[in-house]
Amino acid sequence: MPILIVEDEPKAGDYLRKGLQESGYVADLARNGPDGLNLALERDYELIVLDVMLPQMDGWTVLQKLRERKDTPVLFLTARDDVVDRVKGLELGADDYLVKPFAFAELLARIKTLMRRGPVREAEVIHLADLEIDVLKRRVTRGGARIDLTAKEFALLHLLAKRQGEVMSRSQIASQVWDMNFDSDTNVVDVAIRRLRAKIDDPYAVKLVHTVRGMGYLMELRE
């Protein structure tokens, strides 16, 4: 999985991306807070290198919103060396904190240390509107009411919910839920989606599972 860099200063961002690529990493670059957050939520990254002072949305806010849905390791980069700022970043869920200016060798060492800590931890509880998915207890409620799902229905819901806002193709769903290659003549995914909707959407006014014609399905709250 690649590393995401969120850095608004053009020279610094290009320098970081080039340095990581030359060190053998795949690196994406976002130059403002909203773009960084969107990439962090839509794609799976092994690590995020996040600047604090960003246009449109600062790094604190990016991290706070990210932690509502993902636990991707985050290394803060900032010119602010106040203890209060470092504590704030760690309390919001940052995994490490590096103050500018820094030696690139130290950044690489910090990245390698964070990556050795193990795989990305998934959120234990996922929320979307009034839907709550307790991943550990495998318990689903909507509006406080318990919803009973089969093992495959839960796996399907969990997949869509943890990738909420992202269109999942039928082949992606089939491979990850049923561990099978998708056959265009097989309607197993469509049938499973209909059964899931009957339980978590049909009884409620606000629908969460949506069809994207010709592409697949996604979960999101639409205004």
# chains A, B, ... in the order shown; residues from 1 in each chain; ligands from 1

$ select_by_dssp --residues "segment 35-172 of chain A" --states "helix (DSSP H, G or I)" --output "MDAnalysis selection string"
chainID A and resid 35:42 59:67 83:92 104:115 151:162 170:172

$ residues_around --residues "Arg163 of chain A" --least-positions-apart "2" --cutoff "8 Å" --atoms "only C-alpha atoms" --output "ChimeraX atom specification"
/A:41-42,159-161,165-166,218-219

$ write_last_selection --atoms "N, CA, C and O atoms" --output "PDB file, in the first residue's frame"
ATOM      1  N   LEU A  41      -9.647   8.662   3.019  1.00  0.00           N
ATOM      2  CA  LEU A  41     -10.859   7.882   3.253  1.00  0.00           C
ATOM      3  C   LEU A  41     -11.159   6.930   2.102  1.00  0.00           C
ATOM      4  O   LEU A  41     -11.686   5.836   2.312  1.00  0.00           O
ATOM      5  N   GLU A  42     -10.835   7.339   0.883  1.00  0.00           N
ATOM      6  CA  GLU A  42     -11.197   6.549  -0.285  1.00  0.00           C
ATOM      7  C   GLU A  42     -10.217   5.406  -0.556  1.00  0.00           C
ATOM      8  O   GLU A  42     -10.602   4.369  -1.090  1.00  0.00           O
ATOM      9  N   LEU A 159     -18.165  -4.526   4.730  1.00  0.00           N
ATOM     10  CA  LEU A 159     -17.347  -4.096   3.600  1.00  0.00           C
ATOM     11  C   LEU A 159     -17.825  -2.745   3.068  1.00  0.00           C
ATOM     12  O   LEU A 159     -17.020  -1.819   2.880  1.00  0.00           O
ATOM     13  N   LEU A 160     -19.122  -2.609   2.821  1.00  0.00           N
ATOM     14  CA  LEU A 160     -19.658  -1.363   2.275  1.00  0.00           C
ATOM     15  C   LEU A 160     -19.504  -0.209   3.259  1.00  0.00           C
ATOM     16  O   LEU A 160     -19.218   0.923   2.867  1.00  0.00           O
ATOM     17  N   ALA A 161     -19.695  -0.508   4.546  1.00  0.00           N
ATOM     18  CA  ALA A 161     -19.661   0.552   5.563  1.00  0.00           C
ATOM     19  C   ALA A 161     -18.250   1.074   5.792  1.00  0.00           C
ATOM     20  O   ALA A 161     -18.040   2.282   5.940  1.00  0.00           O
ATOM     21  N   GLY A 165     -18.903   5.744   0.893  1.00  0.00           N
ATOM     22  CA  GLY A 165     -18.596   6.815  -0.035  1.00  0.00           C
ATOM     23  C   GLY A 165     -17.818   6.351  -1.248  1.00  0.00           C
ATOM     24  O   GLY A 165     -17.602   7.113  -2.188  1.00  0.00           O
ATOM     25  N   GLU A 166     -17.395   5.086  -1.245  1.00  0.00           N
ATOM     26  CA  GLU A 166     -16.614   4.528  -2.348  1.00  0.00           C
ATOM     27  C   GLU A 166     -17.453   3.489  -3.087  1.00  0.00           C
ATOM     28  O   GLU A 166     -18.039   2.605  -2.480  1.00  0.00           O
ATOM     29  N   LEU A 218     -22.651   1.439  -3.327  1.00  0.00           N
ATOM     30  CA  LEU A 218     -21.934   2.149  -2.283  1.00  0.00           C
ATOM     31  C   LEU A 218     -22.873   2.480  -1.147  1.00  0.00           C
ATOM     32  O   LEU A 218     -24.100   2.496  -1.313  1.00  0.00           O
ATOM     33  N   MET A 219     -22.285   2.740   0.021  1.00  0.00           N
ATOM     34  CA  MET A 219     -23.041   3.199   1.175  1.00  0.00           C
ATOM     35  C   MET A 219     -22.641   4.633   1.477  1.00  0.00           C
ATOM     36  O   MET A 219     -21.457   4.958   1.538  1.00  0.00           O
TER      37      MET A 219
END

$ residues_around --residues "segment 2-14 of chain A" --least-positions-apart "4" --cutoff "10 Å" --atoms "only C-alpha atoms" --output "PDB file with C-alpha atoms, in the first residue's frame"
ATOM      1  CA  LYS A  18      10.439  12.310  -4.716  1.00  0.00           C
ATOM      2  CA  GLY A  19      12.441  11.267  -1.649  1.00  0.00           C
ATOM      3  CA  LEU A  20       9.977   8.533  -0.693  1.00  0.00           C
ATOM      4  CA  GLN A  21       9.775   7.262  -4.257  1.00  0.00           C
ATOM      5  CA  TYR A  25       7.867   3.706  -1.585  1.00  0.00           C
ATOM      6  CA  VAL A  26       4.778   4.489  -3.636  1.00  0.00           C
ATOM      7  CA  ALA A  27       3.665   7.987  -2.640  1.00  0.00           C
ATOM      8  CA  ASP A  28       0.545  10.053  -3.357  1.00  0.00           C
ATOM      9  CA  LEU A  29       0.485  13.811  -2.739  1.00  0.00           C
ATOM     10  CA  ALA A  30      -2.416  16.068  -1.719  1.00  0.00           C
ATOM     11  CA  ARG A  31      -1.896  19.811  -1.424  1.00  0.00           C
ATOM     12  CA  ASN A  32      -4.778  20.819   0.838  1.00  0.00           C
ATOM     13  CA  GLY A  33      -6.836  19.434   3.710  1.00  0.00           C
ATOM     14  CA  PRO A  34     -10.034  18.388   1.891  1.00  0.00           C
ATOM     15  CA  ASP A  35      -8.141  16.587  -0.887  1.00  0.00           C
ATOM     16  CA  GLY A  36      -5.984  14.842   1.678  1.00  0.00           C
ATOM     17  CA  LEU A  37      -8.982  13.716   3.699  1.00  0.00           C
ATOM     18  CA  LEU A  39      -7.814  10.388  -0.493  1.00  0.00           C
ATOM     19  CA  ALA A  40      -7.248   9.056   3.029  1.00  0.00           C
ATOM     20  CA  ARG A  43      -7.935   4.596  -0.496  1.00  0.00           C
ATOM     21  CA  ASP A  44      -6.004   2.283   1.794  1.00  0.00           C
ATOM     22  CA  TYR A  45      -2.651   3.744   2.836  1.00  0.00           C
ATOM     23  CA  GLU A  46       0.024   2.174   4.981  1.00  0.00           C
ATOM     24  CA  LEU A  47       0.895   5.586   6.437  1.00  0.00           C
ATOM     25  CA  ILE A  48      -0.125   9.244   6.135  1.00  0.00           C
ATOM     26  CA  VAL A  49       2.414  12.061   6.439  1.00  0.00           C
ATOM     27  CA  LEU A  50       0.240  15.028   7.429  1.00  0.00           C
ATOM     28  CA  ASP A  51       1.146  18.701   7.705  1.00  0.00           C
ATOM     29  CA  VAL A  52      -0.715  20.702  10.359  1.00  0.00           C
ATOM     30  CA  MET A  53      -1.006  24.084   8.659  1.00  0.00           C
ATOM     31  CA  LEU A  54      -3.042  23.353   5.529  1.00  0.00           C
ATOM     32  CA  PRO A  55      -5.395  25.491   3.421  1.00  0.00           C
ATOM     33  CA  GLY A  59      -4.314  18.939   9.838  1.00  0.00           C
ATOM     34  CA  VAL A  62      -8.252  16.167   8.841  1.00  0.00           C
ATOM     35  CA  VAL A  74      -0.436   9.271  10.899  1.00  0.00           C
ATOM     36  CA  LEU A  75       2.881  11.094  11.193  1.00  0.00           C
ATOM     37  CA  PHE A  76       2.409  14.816  11.776  1.00  0.00           C
ATOM     38  CA  LEU A  77       4.822  17.275  10.153  1.00  0.00           C
ATOM     39  CA  THR A  78       4.734  20.816  11.498  1.00  0.00           C
ATOM     40  CA  ILE A 111       8.188   5.879   8.855  1.00  0.00           C
TER      41      ILE A 111
END

$ closest_residue --among "A:Gly144, A:Arg69, A:Val209, A:Tyr15" --to "Asn38 of chain A" --atoms "only C-alpha atoms"
A:Arg69

$ residues_around --residues "Val189 of chain A" --least-positions-apart "3" --cutoff "8 Å" --atoms "only C-alpha atoms" --output "JSON, numbers by chain"
{"A": [170, 173, 174, 186, 192, 193]}

$ write_last_selection --atoms "N, CA, C and O atoms" --output "mmCIF file, in the first residue's frame"
data_model
loop_
_atom_site.group_PDB
_atom_site.id
_atom_site.type_symbol
_atom_site.label_atom_id
_atom_site.label_comp_id
_atom_site.auth_asym_id
_atom_site.auth_seq_id
_atom_site.Cartn_x
_atom_site.Cartn_y
_atom_site.Cartn_z
ATOM 1 N N ARG A 170 -19.151 -5.134 -8.430
ATOM 2 C CA ARG A 170 -19.630 -6.479 -8.093
ATOM 3 C C ARG A 170 -18.464 -7.457 -7.942
ATOM 4 O O ARG A 170 -18.499 -8.340 -7.098
ATOM 5 N N ILE A 173 -16.828 -6.904 -4.539
ATOM 6 C CA ILE A 173 -17.674 -7.444 -3.478
ATOM 7 C C ILE A 173 -17.606 -8.963 -3.456
ATOM 8 O O ILE A 173 -17.448 -9.579 -2.402
ATOM 9 N N ALA A 174 -17.698 -9.578 -4.631
ATOM 10 C CA ALA A 174 -17.679 -11.047 -4.704
ATOM 11 C C ALA A 174 -16.368 -11.617 -4.189
ATOM 12 O O ALA A 174 -16.345 -12.607 -3.463
ATOM 13 N N THR A 186 -23.696 -14.652 -12.826
ATOM 14 C CA THR A 186 -24.100 -14.928 -11.451
ATOM 15 C C THR A 186 -24.664 -13.667 -10.810
ATOM 16 O O THR A 186 -24.044 -12.605 -10.878
ATOM 17 N N ALA A 192 -27.827 -10.611 -2.734
ATOM 18 C CA ALA A 192 -27.394 -10.292 -1.372
ATOM 19 C C ALA A 192 -27.662 -8.828 -1.030
ATOM 20 O O ALA A 192 -28.070 -8.521 0.098
ATOM 21 N N ILE A 193 -27.457 -7.943 -1.986
ATOM 22 C CA ILE A 193 -27.736 -6.524 -1.754
ATOM 23 C C ILE A 193 -29.222 -6.314 -1.479
ATOM 24 O O ILE A 193 -29.605 -5.562 -0.564
#

$ closest_residue --among "A:Ile147, A:Met168, A:Val212, A:Leu98" --to "Ala198 of chain A" --atoms "only C-alpha atoms"
A:Ile147

$ closest_residue --among "A:Thr72, A:Thr113, A:Gln64, A:Thr211" --to "Glu91 of chain A" --atoms "only C-alpha atoms"
A:Gln64

$ atom_distance --atom1 "atom CA of Arg17 of chain A" --atom2 "atom CA of Leu90 of chain A"
24.1 Å

$ closest_residue --among "A:Lys65, A:Ala79, A:Gln172, A:Leu114" --to "Lys100 of chain A" --atoms "only C-alpha atoms"
A:Ala79

$ atom_distance --atom1 "atom CA of Asp134 of chain A" --atom2 "atom CA of Ser169 of chain A"
24.5 Å

$ select_by_dssp --residues "segment 19-215 of chain A" --states "strand (DSSP E or B)" --output "number ranges by chain"
A: 27-30, 47-51, 71, 74-78, 96-99, 121, 125-128, 131-134, 139-142, 145-147, 168, 209-212

$ atom_distance --atom1 "atom CA of Arg213 of chain A" --atom2 "atom CA of Val167 of chain A"
10.4 Å

$ decode --residues "segment 29-106 of chain A" --atoms "C-alpha atoms" --output "compact mmCIF listing (two decimals), in the first residue's frame"
# COMPACT_ATOMS: atom_id res chain seq x y z
CA LEU A 29 0.49 13.81 -2.74
CA ALA A 30 -2.42 16.07 -1.72
CA ARG A 31 -1.90 19.81 -1.42
CA ASN A 32 -4.78 20.82 0.84
CA GLY A 33 -6.84 19.43 3.71
CA PRO A 34 -10.03 18.39 1.89
CA ASP A 35 -8.14 16.59 -0.89
CA GLY A 36 -5.98 14.84 1.68
CA LEU A 37 -8.98 13.72 3.70
CA ASN A 38 -10.80 12.43 0.62
CA LEU A 39 -7.81 10.39 -0.49
CA ALA A 40 -7.25 9.06 3.03
CA LEU A 41 -10.86 7.88 3.25
CA GLU A 42 -11.20 6.55 -0.29
CA ARG A 43 -7.94 4.60 -0.50
CA ASP A 44 -6.00 2.28 1.79
CA TYR A 45 -2.65 3.74 2.84
CA GLU A 46 0.02 2.17 4.98
CA LEU A 47 0.90 5.59 6.44
CA ILE A 48 -0.13 9.24 6.14
CA VAL A 49 2.41 12.06 6.44
CA LEU A 50 0.24 15.03 7.43
CA ASP A 51 1.15 18.70 7.70
CA VAL A 52 -0.72 20.70 10.36
CA MET A 53 -1.01 24.08 8.66
CA LEU A 54 -3.04 23.35 5.53
CA PRO A 55 -5.39 25.49 3.42
CA GLN A 56 -9.18 24.98 3.59
CA MET A 57 -8.93 22.39 6.40
CA ASP A 58 -6.07 22.15 8.90
CA GLY A 59 -4.31 18.94 9.84
CA TRP A 60 -6.05 18.73 13.21
CA THR A 61 -9.44 18.62 11.50
CA VAL A 62 -8.25 16.17 8.84
CA LEU A 63 -7.03 13.79 11.55
CA GLN A 64 -10.18 14.17 13.63
CA LYS A 65 -12.43 13.34 10.68
CA LEU A 66 -10.15 10.50 9.57
CA ARG A 67 -10.27 8.89 13.01
CA GLU A 68 -14.07 8.71 12.82
CA ARG A 69 -13.69 6.07 10.11
CA LYS A 70 -10.11 4.83 9.86
CA ASP A 71 -7.11 4.13 12.05
CA THR A 72 -4.39 4.57 9.44
CA PRO A 73 -1.08 5.51 11.12
CA VAL A 74 -0.44 9.27 10.90
CA LEU A 75 2.88 11.09 11.19
CA PHE A 76 2.41 14.82 11.78
CA LEU A 77 4.82 17.28 10.15
CA THR A 78 4.73 20.82 11.50
CA ALA A 79 6.80 23.92 12.08
CA ARG A 80 5.05 24.38 15.43
CA ASP A 81 7.16 23.03 18.26
CA ASP A 82 4.90 23.90 21.20
CA VAL A 83 4.31 21.09 23.66
CA VAL A 84 0.59 21.92 23.58
CA ASP A 85 0.50 21.31 19.83
CA ARG A 86 2.32 17.99 20.13
CA VAL A 87 0.00 16.83 22.89
CA LYS A 88 -3.05 17.92 20.88
CA GLY A 89 -1.90 15.91 17.86
CA LEU A 90 -1.30 12.79 19.91
CA GLU A 91 -4.62 13.12 21.71
CA LEU A 92 -6.43 13.39 18.37
CA GLY A 93 -4.87 10.10 17.32
CA ALA A 94 -1.54 10.93 15.67
CA ASP A 95 1.05 8.16 15.91
CA ASP A 96 4.15 10.34 15.73
CA TYR A 97 5.17 13.99 15.47
CA LEU A 98 8.12 15.47 13.55
CA VAL A 99 9.01 19.17 13.76
CA LYS A 100 10.23 21.10 10.72
CA PRO A 101 12.97 21.50 9.64
CA PHE A 102 14.00 17.86 9.84
CA ALA A 103 16.52 15.54 8.22
CA PHE A 104 14.98 13.27 5.59
CA ALA A 105 16.87 10.34 7.13
CA GLU A 106 14.98 10.92 10.38
